[in-house]
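A.B. asks: Here you go, final34.cif (mmCIF, C-alpha atoms):
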```cif
data_model
loop_
_atom_site.label_atom_id
_atom_site.label_comp_id
_atom_site.auth_asym_id
_atom_site.auth_seq_id
_atom_site.Cartn_x
_atom_site.Cartn_y
_atom_site.Cartn_z
CA MET A 1003 0.00 0.00 0.00
CA THR A 1004 1.38 3.39 -1.03
CA GLN A 1005 0.51 6.53 0.92
CA VAL A 1006 0.34 9.75 -1.09
CA ASN A 1007 0.52 13.19 0.53
CA ARG A 1008 0.91 16.75 -0.72
CA GLN A 1009 2.27 19.88 0.94
CA GLN A 1010 3.10 23.38 -0.23
CA TRP A 1011 6.87 23.78 -0.63
CA GLY A 1012 7.33 27.37 -1.76
CA GLU A 1013 6.64 29.90 -4.45
CA VAL A 1014 8.45 30.94 -7.63
CA SER A 1015 8.11 34.65 -8.35
CA GLY A 1016 5.95 35.25 -11.40
CA GLN A 1017 5.10 31.54 -11.80
CA GLY A 1018 3.18 30.39 -8.76
CA THR A 1019 3.16 27.88 -5.93
CA VAL A 1020 5.31 24.73 -5.92
CA ASP A 1021 4.02 21.63 -4.15
CA LEU A 1022 5.92 18.65 -2.77
CA TRP A 1023 4.26 15.25 -3.24
CA VAL A 1024 5.36 12.34 -1.06
CA LEU A 1025 4.85 8.73 -2.18
CA GLU A 1026 5.61 6.19 0.52
CA SER A 1027 5.50 2.39 0.48
CA PRO A 1028 6.88 0.06 3.16
CA GLN A 1029 10.12 -0.16 1.13
CA VAL A 1030 10.71 3.26 -0.44
CA ARG A 1031 9.90 6.94 0.07
CA VAL A 1032 9.86 9.22 -3.00
CA GLU A 1033 9.46 13.00 -3.12
CA VAL A 1034 8.28 14.79 -6.29
CA LEU A 1035 8.10 18.54 -6.96
CA THR A 1036 5.60 20.23 -9.26
CA LEU A 1037 8.47 22.45 -10.42
CA GLY A 1038 10.01 20.60 -13.36
CA ALA A 1039 8.16 17.38 -12.36
CA ILE A 1040 11.35 16.81 -10.37
CA ILE A 1041 12.22 13.64 -8.43
CA ARG A 1042 13.57 15.35 -5.33
CA SER A 1043 14.49 12.28 -3.28
CA VAL A 1044 14.38 8.50 -3.09
CA CYS A 1045 15.03 7.04 0.37
CA TYR A 1046 15.43 3.36 1.23
CA ARG A 1047 17.36 1.02 3.51
CA GLY A 1048 20.73 -0.54 2.93
CA ALA A 1049 21.77 -4.01 4.07
CA ASP A 1050 22.68 -2.57 7.50
CA GLY A 1051 19.15 -1.17 7.89
CA HIS A 1052 20.29 2.44 7.53
CA VAL A 1053 18.08 4.66 5.35
CA GLU A 1054 19.79 6.95 2.83
CA ASP A 1055 18.54 9.44 0.26
CA VAL A 1056 20.14 8.24 -2.99
CA VAL A 1057 19.14 11.26 -5.14
CA LEU A 1058 21.22 14.43 -5.44
CA GLY A 1059 19.45 17.75 -5.14
CA TYR A 1060 18.83 20.76 -2.93
CA ASP A 1061 17.39 21.48 0.51
CA HIS A 1062 15.39 24.50 -0.65
CA LEU A 1063 13.31 25.57 -3.65
CA GLU A 1064 15.79 28.31 -4.58
CA GLY A 1065 18.37 25.64 -5.45
CA TYR A 1066 16.07 24.07 -8.04
CA VAL A 1067 15.00 27.44 -9.48
CA SER A 1068 18.61 28.45 -10.17
CA ASP A 1069 19.88 24.93 -10.99
CA LYS A 1070 21.59 24.47 -14.37
CA ARG A 1071 22.33 20.74 -13.98
CA TYR A 1072 18.75 19.42 -14.35
CA HIS A 1073 18.77 17.72 -10.93
CA GLY A 1074 15.90 15.23 -10.87
CA ALA A 1075 14.05 17.08 -13.63
CA THR A 1076 11.69 16.00 -16.37
CA VAL A 1077 13.42 17.22 -19.52
CA GLY A 1078 11.68 18.29 -22.75
CA ARG A 1079 10.36 19.11 -25.28
CA VAL A 1080 13.47 17.31 -26.59
CA THR A 1081 16.01 15.91 -24.17
CA ASN A 1082 19.71 15.62 -25.02
CA ARG A 1083 21.31 17.49 -27.92
CA ILE A 1084 20.10 18.76 -31.28
CA ALA A 1085 22.98 19.64 -33.59
CA ARG A 1086 23.33 23.42 -34.07
CA GLY A 1087 19.85 23.77 -32.54
CA ARG A 1088 18.44 23.31 -36.02
CA PHE A 1089 16.05 20.88 -37.71
CA VAL A 1090 13.58 20.65 -40.59
CA VAL A 1091 10.01 19.37 -40.20
CA GLU A 1092 7.64 19.10 -43.17
CA GLY A 1093 9.92 21.30 -45.27
CA LYS A 1094 10.22 24.12 -42.74
CA GLN A 1095 13.46 24.88 -40.89
CA TYR A 1096 13.33 25.64 -37.17
CA GLN A 1097 16.10 27.32 -35.20
CA LEU A 1098 16.28 26.83 -31.43
CA ASP A 1099 18.40 28.70 -28.90
CA VAL A 1100 21.81 27.06 -28.52
CA ASN A 1101 22.70 26.49 -24.88
CA ASN A 1102 25.42 23.82 -24.96
CA GLY A 1103 28.35 24.92 -27.12
CA PRO A 1104 26.99 25.06 -30.68
CA ASN A 1105 24.01 22.82 -29.87
CA ALA A 1106 20.58 22.92 -28.23
CA LEU A 1107 20.37 20.85 -25.03
CA HIS A 1108 17.44 19.54 -22.96
CA GLY A 1109 14.63 21.56 -24.48
CA GLY A 1110 16.17 25.02 -24.52
CA LEU A 1111 16.84 27.92 -22.18
CA ARG A 1112 13.52 27.40 -20.37
CA GLY A 1113 12.41 23.88 -21.09
CA PHE A 1114 9.98 21.67 -19.19
CA SER A 1115 12.43 21.45 -16.26
CA LYS A 1116 11.68 25.08 -15.31
CA ALA A 1117 7.88 24.96 -15.66
CA ILE A 1118 5.41 24.46 -12.81
CA TRP A 1119 3.26 21.45 -13.68
CA LYS A 1120 -0.35 20.87 -12.59
CA ALA A 1121 -0.66 17.88 -10.25
CA THR A 1122 -3.46 15.40 -9.59
CA ALA A 1123 -3.43 12.44 -7.21
CA VAL A 1124 -3.72 9.02 -8.86
CA GLU A 1125 -3.72 5.54 -7.40
CA GLY A 1126 -0.33 5.09 -5.71
CA GLY A 1127 1.12 8.37 -6.95
CA VAL A 1128 0.73 11.65 -8.78
CA GLN A 1129 0.13 12.74 -12.37
CA LEU A 1130 1.67 16.02 -13.53
CA SER A 1131 0.51 17.80 -16.67
CA LEU A 1132 1.76 20.70 -18.75
CA THR A 1133 0.73 22.61 -21.87
CA SER A 1134 3.66 23.67 -24.04
CA PRO A 1135 2.36 26.39 -26.41
CA ASP A 1136 3.02 26.58 -30.15
CA GLY A 1137 6.47 28.14 -30.60
CA ASP A 1138 7.64 27.29 -27.06
CA GLN A 1139 11.46 27.53 -27.11
CA GLY A 1140 11.20 27.56 -30.93
CA TYR A 1141 9.36 24.23 -31.34
CA PRO A 1142 6.30 23.89 -33.59
CA GLY A 1143 2.81 23.08 -32.31
CA GLU A 1144 1.06 23.05 -28.96
CA VAL A 1145 1.89 19.93 -26.95
CA GLN A 1146 -0.15 18.50 -24.07
CA VAL A 1147 2.20 16.50 -21.84
CA SER A 1148 1.70 14.35 -18.76
CA VAL A 1149 4.13 12.51 -16.50
CA SER A 1150 2.87 10.07 -13.86
CA TYR A 1151 4.91 8.81 -10.92
CA THR A 1152 3.45 5.77 -9.18
CA LEU A 1153 5.06 3.69 -6.44
CA GLN A 1154 4.30 0.04 -5.80
CA GLY A 1155 6.52 -1.72 -3.29
CA GLY A 1156 10.07 -0.92 -4.35
CA THR A 1157 9.20 0.04 -7.95
CA LEU A 1158 8.77 3.63 -9.10
CA THR A 1159 7.03 3.77 -12.49
CA VAL A 1160 7.33 6.85 -14.68
CA GLU A 1161 4.77 7.13 -17.49
CA TYR A 1162 5.08 9.79 -20.20
CA GLN A 1163 2.27 10.78 -22.58
CA ALA A 1164 1.94 13.61 -25.07
CA ARG A 1165 -0.22 14.85 -27.96
CA ALA A 1166 0.62 17.62 -30.44
CA SER A 1167 -1.35 20.04 -32.62
CA LYS A 1168 1.42 20.12 -35.26
CA THR A 1169 4.20 17.70 -36.16
CA THR A 1170 7.02 18.25 -33.67
CA PRO A 1171 10.04 16.39 -32.33
CA ILE A 1172 9.54 15.09 -28.80
CA ASN A 1173 11.83 13.15 -26.49
CA LEU A 1174 11.11 13.10 -22.76
CA THR A 1175 13.27 11.76 -19.93
CA ASN A 1176 14.08 12.16 -16.27
CA HIS A 1177 17.49 13.51 -15.28
CA THR A 1178 17.92 12.21 -11.73
CA TYR A 1179 21.48 11.91 -10.40
CA PHE A 1180 21.87 8.79 -8.22
CA ASN A 1181 24.48 7.69 -5.71
CA LEU A 1182 23.42 4.45 -4.02
CA ALA A 1183 25.83 5.04 -1.13
CA GLY A 1184 23.81 8.17 -0.34
CA GLN A 1185 23.60 11.55 -2.03
CA GLY A 1186 26.50 12.94 0.02
CA ALA A 1187 29.02 10.25 -0.96
CA ALA A 1188 32.08 11.54 -2.83
CA ASP A 1189 31.97 9.33 -5.94
CA ILE A 1190 30.51 6.26 -7.64
CA TYR A 1191 33.80 4.43 -8.26
CA ASP A 1192 32.68 1.55 -6.00
CA HIS A 1193 29.37 1.01 -7.86
CA LYS A 1194 28.90 -1.82 -10.35
CA VAL A 1195 26.90 -1.23 -13.54
CA SER A 1196 25.50 -3.40 -16.32
CA ILE A 1197 23.57 -2.17 -19.36
CA SER A 1198 21.77 -4.55 -21.72
CA ALA A 1199 22.93 -2.96 -24.97
CA GLN A 1200 24.73 -4.50 -27.93
CA SER A 1201 25.69 -1.12 -29.42
CA TYR A 1202 26.24 2.55 -28.60
CA LEU A 1203 26.53 5.86 -30.45
CA PRO A 1204 30.02 7.40 -30.85
CA VAL A 1205 29.96 11.21 -30.66
CA ASP A 1206 31.93 14.13 -32.06
CA ASP A 1207 33.76 16.70 -29.95
CA THR A 1208 30.47 18.53 -29.23
CA SER A 1209 28.75 15.29 -28.08
CA ILE A 1210 26.58 14.95 -31.21
CA PRO A 1211 26.31 11.35 -32.53
CA THR A 1212 28.42 10.81 -35.65
CA GLY A 1213 25.69 8.64 -37.19
CA GLU A 1214 27.59 5.39 -36.65
CA ILE A 1215 25.95 2.66 -34.58
CA ARG A 1216 28.95 0.83 -33.12
CA ALA A 1217 29.00 -2.61 -31.46
CA VAL A 1218 30.11 -2.52 -27.81
CA GLU A 1219 32.01 -5.80 -28.22
CA GLY A 1220 35.71 -5.31 -27.46
CA THR A 1221 35.30 -1.70 -26.30
CA PRO A 1222 35.12 0.00 -22.87
CA PHE A 1223 31.42 0.53 -23.66
CA ASP A 1224 30.69 -3.18 -23.27
CA LEU A 1225 28.66 -3.11 -20.06
CA ARG A 1226 26.62 -6.23 -20.73
CA ASN A 1227 28.22 -7.87 -17.69
CA PRO A 1228 28.65 -5.99 -14.38
CA VAL A 1229 31.77 -3.81 -14.21
CA LEU A 1230 33.17 -1.58 -11.49
CA ILE A 1231 32.52 1.99 -12.62
CA GLY A 1232 35.78 3.42 -11.25
CA ARG A 1233 37.93 0.88 -13.04
CA ARG A 1234 36.02 1.24 -16.31
CA LEU A 1235 36.26 5.05 -16.22
CA MET A 1236 40.07 4.70 -16.19
CA GLU A 1237 39.88 2.75 -19.47
CA LEU A 1238 37.56 5.24 -21.14
CA PRO A 1239 38.83 8.06 -23.36
CA GLY A 1240 37.53 11.47 -22.32
CA PRO A 1241 36.03 12.63 -19.02
CA GLY A 1242 33.58 9.74 -18.55
CA PHE A 1243 30.37 8.20 -19.85
CA ASP A 1244 27.94 10.56 -21.56
CA HIS A 1245 26.75 8.27 -24.33
CA ASN A 1246 23.58 6.75 -25.71
CA PHE A 1247 23.36 2.97 -25.46
CA CYS A 1248 21.04 1.49 -28.09
CA LEU A 1249 18.37 -0.73 -26.54
CA ARG A 1250 16.69 -1.70 -29.80
CA THR A 1251 17.02 -1.11 -33.51
CA PRO A 1252 15.13 1.79 -35.11
CA LYS A 1253 12.55 -0.56 -36.65
CA ASP A 1254 11.83 -2.67 -33.55
CA PRO A 1255 8.27 -2.41 -32.17
CA TRP A 1256 7.38 -0.68 -28.89
CA THR A 1257 8.02 -3.05 -26.00
CA GLN A 1258 9.29 -2.90 -22.45
CA ARG A 1259 12.65 -4.53 -21.75
CA HIS A 1260 15.32 -4.76 -19.07
CA VAL A 1261 17.82 -1.92 -19.45
CA ALA A 1262 20.31 -1.68 -16.60
CA ARG A 1263 21.32 -2.69 -13.10
CA VAL A 1264 23.50 -0.68 -10.73
CA CYS A 1265 24.67 -2.07 -7.40
CA HIS A 1266 26.59 -0.53 -4.51
CA PRO A 1267 28.11 -3.63 -2.87
CA ALA A 1268 29.11 -1.89 0.37
CA SER A 1269 25.53 -0.88 1.24
CA GLY A 1270 23.75 -3.62 -0.72
CA ARG A 1271 21.56 -1.08 -2.49
CA VAL A 1272 20.50 -1.90 -6.05
CA VAL A 1273 18.50 -0.11 -8.72
CA GLU A 1274 17.20 -2.04 -11.72
CA VAL A 1275 15.72 -0.25 -14.71
CA SER A 1276 13.36 -1.37 -17.46
CA SER A 1277 11.78 0.79 -20.15
CA SER A 1278 9.99 1.00 -23.48
CA GLN A 1279 12.42 3.70 -24.68
CA PRO A 1280 14.87 2.90 -27.53
CA GLY A 1281 17.93 4.28 -25.75
CA VAL A 1282 19.54 5.16 -22.45
CA GLN A 1283 22.04 7.97 -21.94
CA PHE A 1284 24.46 6.75 -19.27
CA TYR A 1285 26.08 9.80 -17.70
CA THR A 1286 28.67 9.80 -14.92
CA ALA A 1287 28.38 13.46 -13.83
CA ASN A 1288 31.52 14.42 -15.74
CA PHE A 1289 30.69 18.13 -15.67
CA LEU A 1290 29.76 18.57 -12.01
CA ASP A 1291 32.67 20.54 -10.58
CA GLY A 1292 31.95 21.19 -6.90
CA SER A 1293 30.33 24.56 -7.54
CA ASP A 1294 26.88 23.19 -6.66
CA ALA A 1295 26.10 23.16 -2.91
CA GLY A 1296 23.49 20.44 -2.59
CA LYS A 1297 21.59 18.82 0.25
CA GLY A 1298 23.29 19.40 3.58
CA GLY A 1299 25.78 21.74 1.90
CA VAL A 1300 27.47 18.86 0.05
CA LYS A 1301 29.62 19.98 -2.89
CA TYR A 1302 28.78 17.80 -5.87
CA GLY A 1303 31.96 17.05 -7.82
CA LYS A 1304 32.98 15.09 -10.89
CA HIS A 1305 31.85 11.44 -10.91
CA CYS A 1306 29.84 11.90 -7.70
CA SER A 1307 26.77 10.26 -9.25
CA PHE A 1308 25.25 8.64 -12.32
CA CYS A 1309 22.19 9.25 -14.52
CA LEU A 1310 20.28 6.66 -16.51
CA GLU A 1311 18.27 8.84 -18.90
CA LEU A 1312 15.78 6.65 -20.75
CA GLN A 1313 15.06 8.36 -24.07
CA ASN A 1314 15.18 8.33 -27.85
CA TRP A 1315 18.60 8.60 -29.47
CA PRO A 1316 20.22 12.07 -29.43
CA ASP A 1317 19.79 14.32 -32.48
CA ALA A 1318 17.29 11.83 -33.95
CA VAL A 1319 15.42 14.69 -35.63
CA ASN A 1320 18.47 15.21 -37.88
CA GLN A 1321 19.48 11.58 -38.40
CA ALA A 1322 17.19 9.57 -40.65
CA SER A 1323 18.69 6.21 -39.61
CA PHE A 1324 17.78 6.79 -35.93
CA PRO A 1325 14.38 5.95 -34.36
CA ASP A 1326 11.67 8.42 -35.39
CA CYS A 1327 11.20 11.20 -32.82
CA LEU A 1328 8.38 13.08 -34.56
CA LEU A 1329 4.96 13.28 -32.93
CA ARG A 1330 2.19 13.98 -35.44
CA PRO A 1331 -1.34 15.29 -34.84
CA GLY A 1332 -3.63 12.44 -33.79
CA GLU A 1333 -0.76 10.30 -32.48
CA ASN A 1334 -0.09 9.55 -28.81
CA TYR A 1335 3.47 9.65 -27.47
CA HIS A 1336 3.65 7.01 -24.74
CA HIS A 1337 6.60 5.54 -22.83
CA LEU A 1338 7.10 3.74 -19.53
CA THR A 1339 10.19 3.48 -17.32
CA HIS A 1340 10.45 1.43 -14.12
CA PHE A 1341 13.06 1.96 -11.40
CA THR A 1342 13.11 -0.90 -8.88
CA PHE A 1343 15.02 -0.23 -5.65
CA THR A 1344 16.11 -3.27 -3.63
CA THR A 1345 18.77 -4.37 -1.18
CA VAL A 1346 20.94 -7.48 -1.45
#
```
Please render this file's structure as structure tokens.
C.D. replies:
Amino acid sequence: MTQVNRQQWGEVSGQGTVDLWVLESPQVRVEVLTLGAIIRSVCYRGADGHVEDVVLGYDHLEGYVSDKRYHGATVGRVTNRIARGRFVVEGKQYQLDVNNGPNALHGGLRGFSKAIWKATAVEGGVQLSLTSPDGDQGYPGEVQVSVSYTLQGGTLTVEYQARASKTTPINLTNHTYFNLAGQGAADIYDHKVSISAQSYLPVDDTSIPTGEIRAVEGTPFDLRNPVLIGRRLMELPGPGFDHNFCLRTPKDPWTQRHVARVCHPASGRVVEVSSSQPGVQFYTANFLDGSDAGKGGVKYGKHCSFCLELQNWPDAVNQASFPDCLLRPGENYHHLTHFTFTTV
């Protein structure tokens, strides 16, 4: 049985009131904000019985309002990068604001992560909804979006739905940073990860996929069997993982499948992930630099956490060989992601 409660958490000037929703089962406690449809915390016991919050974030609303790292946020209208912030839909070129080097990242300067969503209680959780107007951040068409968080036992289910008035790219994800030792732990080097992907997308020096779909076999990106993150990071060129792992081919039908498992052996905490999405961006917090003062004043530094961003492949709107990311009038965008928190 999941208990669901709501309380007022603060106010954003010019936008309105932000509420905190609490979902609590006998195994897990989850907090969700109406600002950005943010997962603010996930608390559960380790093997020693000690409860830790395994999600990075802030103690106060002001931290989330000024945050530039997308802590816990629902990201859209298009998550990840669009090359040069430019794409063509139905013969018309659209230009977005560029906010990540030469590219557009995570929906623009004021994407879904900065909006206050409307919230309604549902069985075992909360549904948050948002209307993104035609032209929002440069994207075509009005989009009606909903994200539902429901908790059953140790499993948090995230369900995304959207409908559009004009053909538009859409790619929604959640950008929670996890550390299974607890959000204040220094790094994730002692975590073990496995990702059920046969291939990944190499990127250029601005993190845009080159178009190649490369087999993981014989590379540091082969995470099909559990590996220690710290050791694997030492083998990896560049600052760390920030890559899309391909969970299915572009032509495969919609289906839910096992994606990843991360374990922190010292505490016994585990998170397992399954999803209907075609890709997962595995990110090891390469660009956190200690300038963010998080919960309890903790300085979040490089490799202090990991993200498993379930999503379509990056820059799919510009790459015809990638899974289709266009939502057309009359169609329903629908994806499910499950995070199951356990202890071994």
A.B. asks: Looking at A:Gly1137, A:Pro1267, A:Pro1222, A:Pro1280, which one is nearest to Leu1235 (chain A), with distances taken over all atoms listed in the file?
C.D. replies: A:Pro1222
A.B. asks: Excluding same-chain residues fewer than 4 positions from Gly1109 (chain A), what lies within 7 Å of it counting all atoms listed in the file, as a list in words?
C.D. replies: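 Those residues are Val1077, Gly1078, Arg1079, Val1080, Thr1081 and Gly1113 of chain A.
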A.B. asks: Residues picked by the PyMOL selection byres ((chain A and resi 1180) around 9) here, as a list in words?
C.D. replies: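 Going through the file, the PyMOL selection byres ((chain A and resi 1180) around 9) ends up selecting Val1056, Val1057, Leu1058, Thr1178, Tyr1179, Asn1181, Leu1182, Ala1183, Gly1184, Gln1185, Cys1306, Ser1307, Phe1308, Cys1309 and Leu1310 of chain A.
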A.B. asks: Can you pull out the residues contacting Phe1284 (chain A)? Cut-off 10 Å, using all atoms listed in the file, and skip same-chain residues under 4 positions away; I want them as a list in words.
C.D. replies: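 Counting only the stated atoms, we get Ile1197, Gly1242, Phe1243, Asp1244, His1245, Asn1246, Phe1247, Ala1262, Phe1308, Cys1309, Leu1310, Glu1311 and Leu1312 of chain A.
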A.B. asks: Please report the interatomic distance between CA of Ala1199 (chain A) and CA of Asn1082 (chain A) in Å with one decimal.
C.D. replies: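 Atom-to-atom, CA of Ala1199 (chain A) and CA of Asn1082 (chain A) are spaced 18.9 Å apart.
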A.B. asks: Let me know the residues the PyMOL selection byres ((chain A and resi 1279) around 12) catches in the file above, as JSON, numbers by chain.
C.D. replies: {"A": [1160, 1161, 1162, 1173, 1174, 1175, 1246, 1247, 1248, 1249, 1250, 1251, 1252, 1254, 1255, 1256, 1257, 1258, 1259, 1260, 1261, 1275, 1276, 1277, 1278, 1280, 1281, 1282, 1283, 1310, 1311, 1312, 1313, 1314, 1315, 1325, 1326, 1327, 1335, 1336, 1337, 1338, 1339, 1340]}
A.B. asks: Would you write out, as a list in words, every residue that the PyMOL selection byres ((chain A and resi 1013-1016) around 9) captures in this file?
C.D. replies: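 Selected by the PyMOL selection byres ((chain A and resi 1013-1016) around 9) here: Gln1010, Trp1011, Gly1012, Gln1017, Gly1018, Thr1019, Val1020, Asp1021, Leu1037, Leu1063, Glu1064, Val1067 and Ile1118 of chain A.
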A.B. asks: Rounded to one decimal, what separation in Å do you get between CA of Val1032 (chain A) and CA of Leu1230 (chain A)?
C.D. replies: 27.1 Å
A.B. asks: Could you state the separation of CA of Ser1148 (chain A) and CA of Gly1074 (chain A) in Å, given to one decimal place?
C.D. replies: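 So the answer is 16.3 Å.
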A.B. asks: Enclose region 1154-1172 of chain A, meaning all of its atoms listed in the file, in a box aligned along x, y and z, pad it by 8 Å on each side, and list the centre and edge lengths in Å to one decimal, as AutoDock Vina command-line options.
C.D. replies:
```
--center_x 4.4 --center_y 9.2 --center_z -19.7 --size_x 27.4 --size_y 37.8 --size_z 48.9
```
A.B. asks: Give me the residues within 9 Å of region 1041-1046 of chain A as a PDB file with C-alpha atoms, keeping the file's coordinate frame, counting only C-alpha atoms and dropping any in the same chain fewer than 3 places off.
C.D. replies:
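Listing of selection-v4.pdb after writing:
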```
ATOM      1  CA  LEU A1022       5.920  18.650  -2.770  1.00  0.00           C
ATOM      2  CA  GLN A1029      10.120  -0.160   1.130  1.00  0.00           C
ATOM      3  CA  VAL A1030      10.710   3.260  -0.440  1.00  0.00           C
ATOM      4  CA  ARG A1031       9.900   6.940   0.070  1.00  0.00           C
ATOM      5  CA  VAL A1032       9.860   9.220  -3.000  1.00  0.00           C
ATOM      6  CA  GLU A1033       9.460  13.000  -3.120  1.00  0.00           C
ATOM      7  CA  VAL A1034       8.280  14.790  -6.290  1.00  0.00           C
ATOM      8  CA  LEU A1035       8.100  18.540  -6.960  1.00  0.00           C
ATOM      9  CA  GLY A1038      10.010  20.600 -13.360  1.00  0.00           C
ATOM     10  CA  GLY A1051      19.150  -1.170   7.890  1.00  0.00           C
ATOM     11  CA  HIS A1052      20.290   2.440   7.530  1.00  0.00           C
ATOM     12  CA  VAL A1053      18.080   4.660   5.350  1.00  0.00           C
ATOM     13  CA  GLU A1054      19.790   6.950   2.830  1.00  0.00           C
ATOM     14  CA  ASP A1055      18.540   9.440   0.260  1.00  0.00           C
ATOM     15  CA  VAL A1056      20.140   8.240  -2.990  1.00  0.00           C
ATOM     16  CA  VAL A1057      19.140  11.260  -5.140  1.00  0.00           C
ATOM     17  CA  LEU A1058      21.220  14.430  -5.440  1.00  0.00           C
ATOM     18  CA  GLY A1059      19.450  17.750  -5.140  1.00  0.00           C
ATOM     19  CA  TYR A1060      18.830  20.760  -2.930  1.00  0.00           C
ATOM     20  CA  HIS A1073      18.770  17.720 -10.930  1.00  0.00           C
ATOM     21  CA  GLY A1074      15.900  15.230 -10.870  1.00  0.00           C
ATOM     22  CA  ALA A1075      14.050  17.080 -13.630  1.00  0.00           C
ATOM     23  CA  THR A1076      11.690  16.000 -16.370  1.00  0.00           C
ATOM     24  CA  GLY A1156      10.070  -0.920  -4.350  1.00  0.00           C
ATOM     25  CA  ASN A1176      14.080  12.160 -16.270  1.00  0.00           C
ATOM     26  CA  HIS A1177      17.490  13.510 -15.280  1.00  0.00           C
ATOM     27  CA  THR A1178      17.920  12.210 -11.730  1.00  0.00           C
ATOM     28  CA  GLY A1184      23.810   8.170  -0.340  1.00  0.00           C
ATOM     29  CA  ARG A1271      21.560  -1.080  -2.490  1.00  0.00           C
ATOM     30  CA  PHE A1343      15.020  -0.230  -5.650  1.00  0.00           C
ATOM     31  CA  THR A1344      16.110  -3.270  -3.630  1.00  0.00           C
ATOM     32  CA  THR A1345      18.770  -4.370  -1.180  1.00  0.00           C
TER      33      THR A1345
END
```
A.B. asks: I want to know what sits within 10 Å of Tyr1096 (chain A), based on only C-alpha atoms, with residues of the same chain fewer than 6 positions away left out; could you give that as a list of chain:residue names?
C.D. replies: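 Here the qualifying residues turn out to be A:Gly1087, A:Arg1088, A:Phe1089, A:Val1090, A:Gly1137, A:Gly1140, A:Tyr1141, A:Pro1142.
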A.B. asks: So which residues touch Leu1329 (chain A) within 9 Å, counting only C-alpha atoms, skipping near sequence neighbours fewer than 6 positions away, as a list in words?
C.D. replies: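 Counting only the stated atoms, we get Ala1164, Arg1165, Ala1166, Lys1168, Thr1169, Thr1170, Pro1171, Ile1172 and Tyr1335 of chain A.
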A.B. asks: Rank nothing, just name the residue among A:Thr1208, A:Val1272, A:Val1346, A:Arg1071 nearest to Leu1290 (chain A), using all atoms listed in the file.
C.D. replies: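 Ranking A:Thr1208, A:Val1272, A:Val1346, A:Arg1071 by distance to Leu1290 (chain A), first place goes to A:Arg1071.
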A.B. asks: Check the smallest atom-to-atom distance from each of A:Ala1188, A:Leu1238, A:Leu1328, A:Ala1318 to Lys1304 (chain A) using all atoms listed in the file, then report the winner.
C.D. replies: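 Counting all atoms listed in the file, the residue closest to Lys1304 (chain A) is A:Ala1188.
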A.B. asks: Find the residues with any atom within 12 Å of (39.3, 1.3, -11.8); use all atoms listed in the file and the coordinates as given in the file, and write the answer as an MDAnalysis selection string.
C.D. replies: chainID A and resid 1190:1194 1222 1229:1238
A.B. asks: Now that the selection is made, can you save its residues with C-alpha atoms as an mmCIF file, in the frame of the given file?
C.D. replies:
```cif
data_model
loop_
_atom_site.group_PDB
_atom_site.id
_atom_site.type_symbol
_atom_site.label_atom_id
_atom_site.label_comp_id
_atom_site.auth_asym_id
_atom_site.auth_seq_id
_atom_site.Cartn_x
_atom_site.Cartn_y
_atom_site.Cartn_z
ATOM 1 C CA ILE A 1190 30.510 6.260 -7.640
ATOM 2 C CA TYR A 1191 33.800 4.430 -8.260
ATOM 3 C CA ASP A 1192 32.680 1.550 -6.000
ATOM 4 C CA HIS A 1193 29.370 1.010 -7.860
ATOM 5 C CA LYS A 1194 28.900 -1.820 -10.350
ATOM 6 C CA PRO A 1222 35.120 0.000 -22.870
ATOM 7 C CA VAL A 1229 31.770 -3.810 -14.210
ATOM 8 C CA LEU A 1230 33.170 -1.580 -11.490
ATOM 9 C CA ILE A 1231 32.520 1.990 -12.620
ATOM 10 C CA GLY A 1232 35.780 3.420 -11.250
ATOM 11 C CA ARG A 1233 37.930 0.880 -13.040
ATOM 12 C CA ARG A 1234 36.020 1.240 -16.310
ATOM 13 C CA LEU A 1235 36.260 5.050 -16.220
ATOM 14 C CA MET A 1236 40.070 4.700 -16.190
ATOM 15 C CA GLU A 1237 39.880 2.750 -19.470
ATOM 16 C CA LEU A 1238 37.560 5.240 -21.140
#
```
A.B. asks: Considering only C-alpha atoms, can you say which of A:Lys1094, A:Gln1154, A:Lys1070, A:Ser1131 comes closest to Pro1028 (chain A)?
C.D. replies: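 Ranking A:Lys1094, A:Gln1154, A:Lys1070, A:Ser1131 by distance to Pro1028 (chain A), first place goes to A:Gln1154.
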A.B. asks: How would region 1021-1025 of chain A read, as a PDB file, in the frame of the given file, once N, CA, C and O atoms are built in?
C.D. replies:
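Saved to selection_12.pdb:
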```pdb
ATOM      1  N   ASP A1021       4.394  22.627  -5.137  1.00  0.00           N
ATOM      2  CA  ASP A1021       4.020  21.630  -4.150  1.00  0.00           C
ATOM      3  C   ASP A1021       5.020  20.483  -4.126  1.00  0.00           C
ATOM      4  O   ASP A1021       5.669  20.182  -5.142  1.00  0.00           O
ATOM      5  N   LEU A1022       5.114  19.858  -2.967  1.00  0.00           N
ATOM      6  CA  LEU A1022       5.920  18.650  -2.770  1.00  0.00           C
ATOM      7  C   LEU A1022       4.963  17.487  -2.540  1.00  0.00           C
ATOM      8  O   LEU A1022       4.127  17.530  -1.630  1.00  0.00           O
ATOM      9  N   TRP A1023       5.069  16.470  -3.385  1.00  0.00           N
ATOM     10  CA  TRP A1023       4.260  15.250  -3.240  1.00  0.00           C
ATOM     11  C   TRP A1023       5.147  14.151  -2.672  1.00  0.00           C
ATOM     12  O   TRP A1023       6.288  13.974  -3.118  1.00  0.00           O
ATOM     13  N   VAL A1024       4.622  13.425  -1.702  1.00  0.00           N
ATOM     14  CA  VAL A1024       5.360  12.340  -1.060  1.00  0.00           C
ATOM     15  C   VAL A1024       4.634  11.027  -1.324  1.00  0.00           C
ATOM     16  O   VAL A1024       3.449  10.880  -1.004  1.00  0.00           O
ATOM     17  N   LEU A1025       5.350  10.087  -1.943  1.00  0.00           N
ATOM     18  CA  LEU A1025       4.850   8.730  -2.180  1.00  0.00           C
ATOM     19  C   LEU A1025       5.616   7.796  -1.270  1.00  0.00           C
ATOM     20  O   LEU A1025       6.851   7.769  -1.312  1.00  0.00           O
TER      21      LEU A1025
END
```
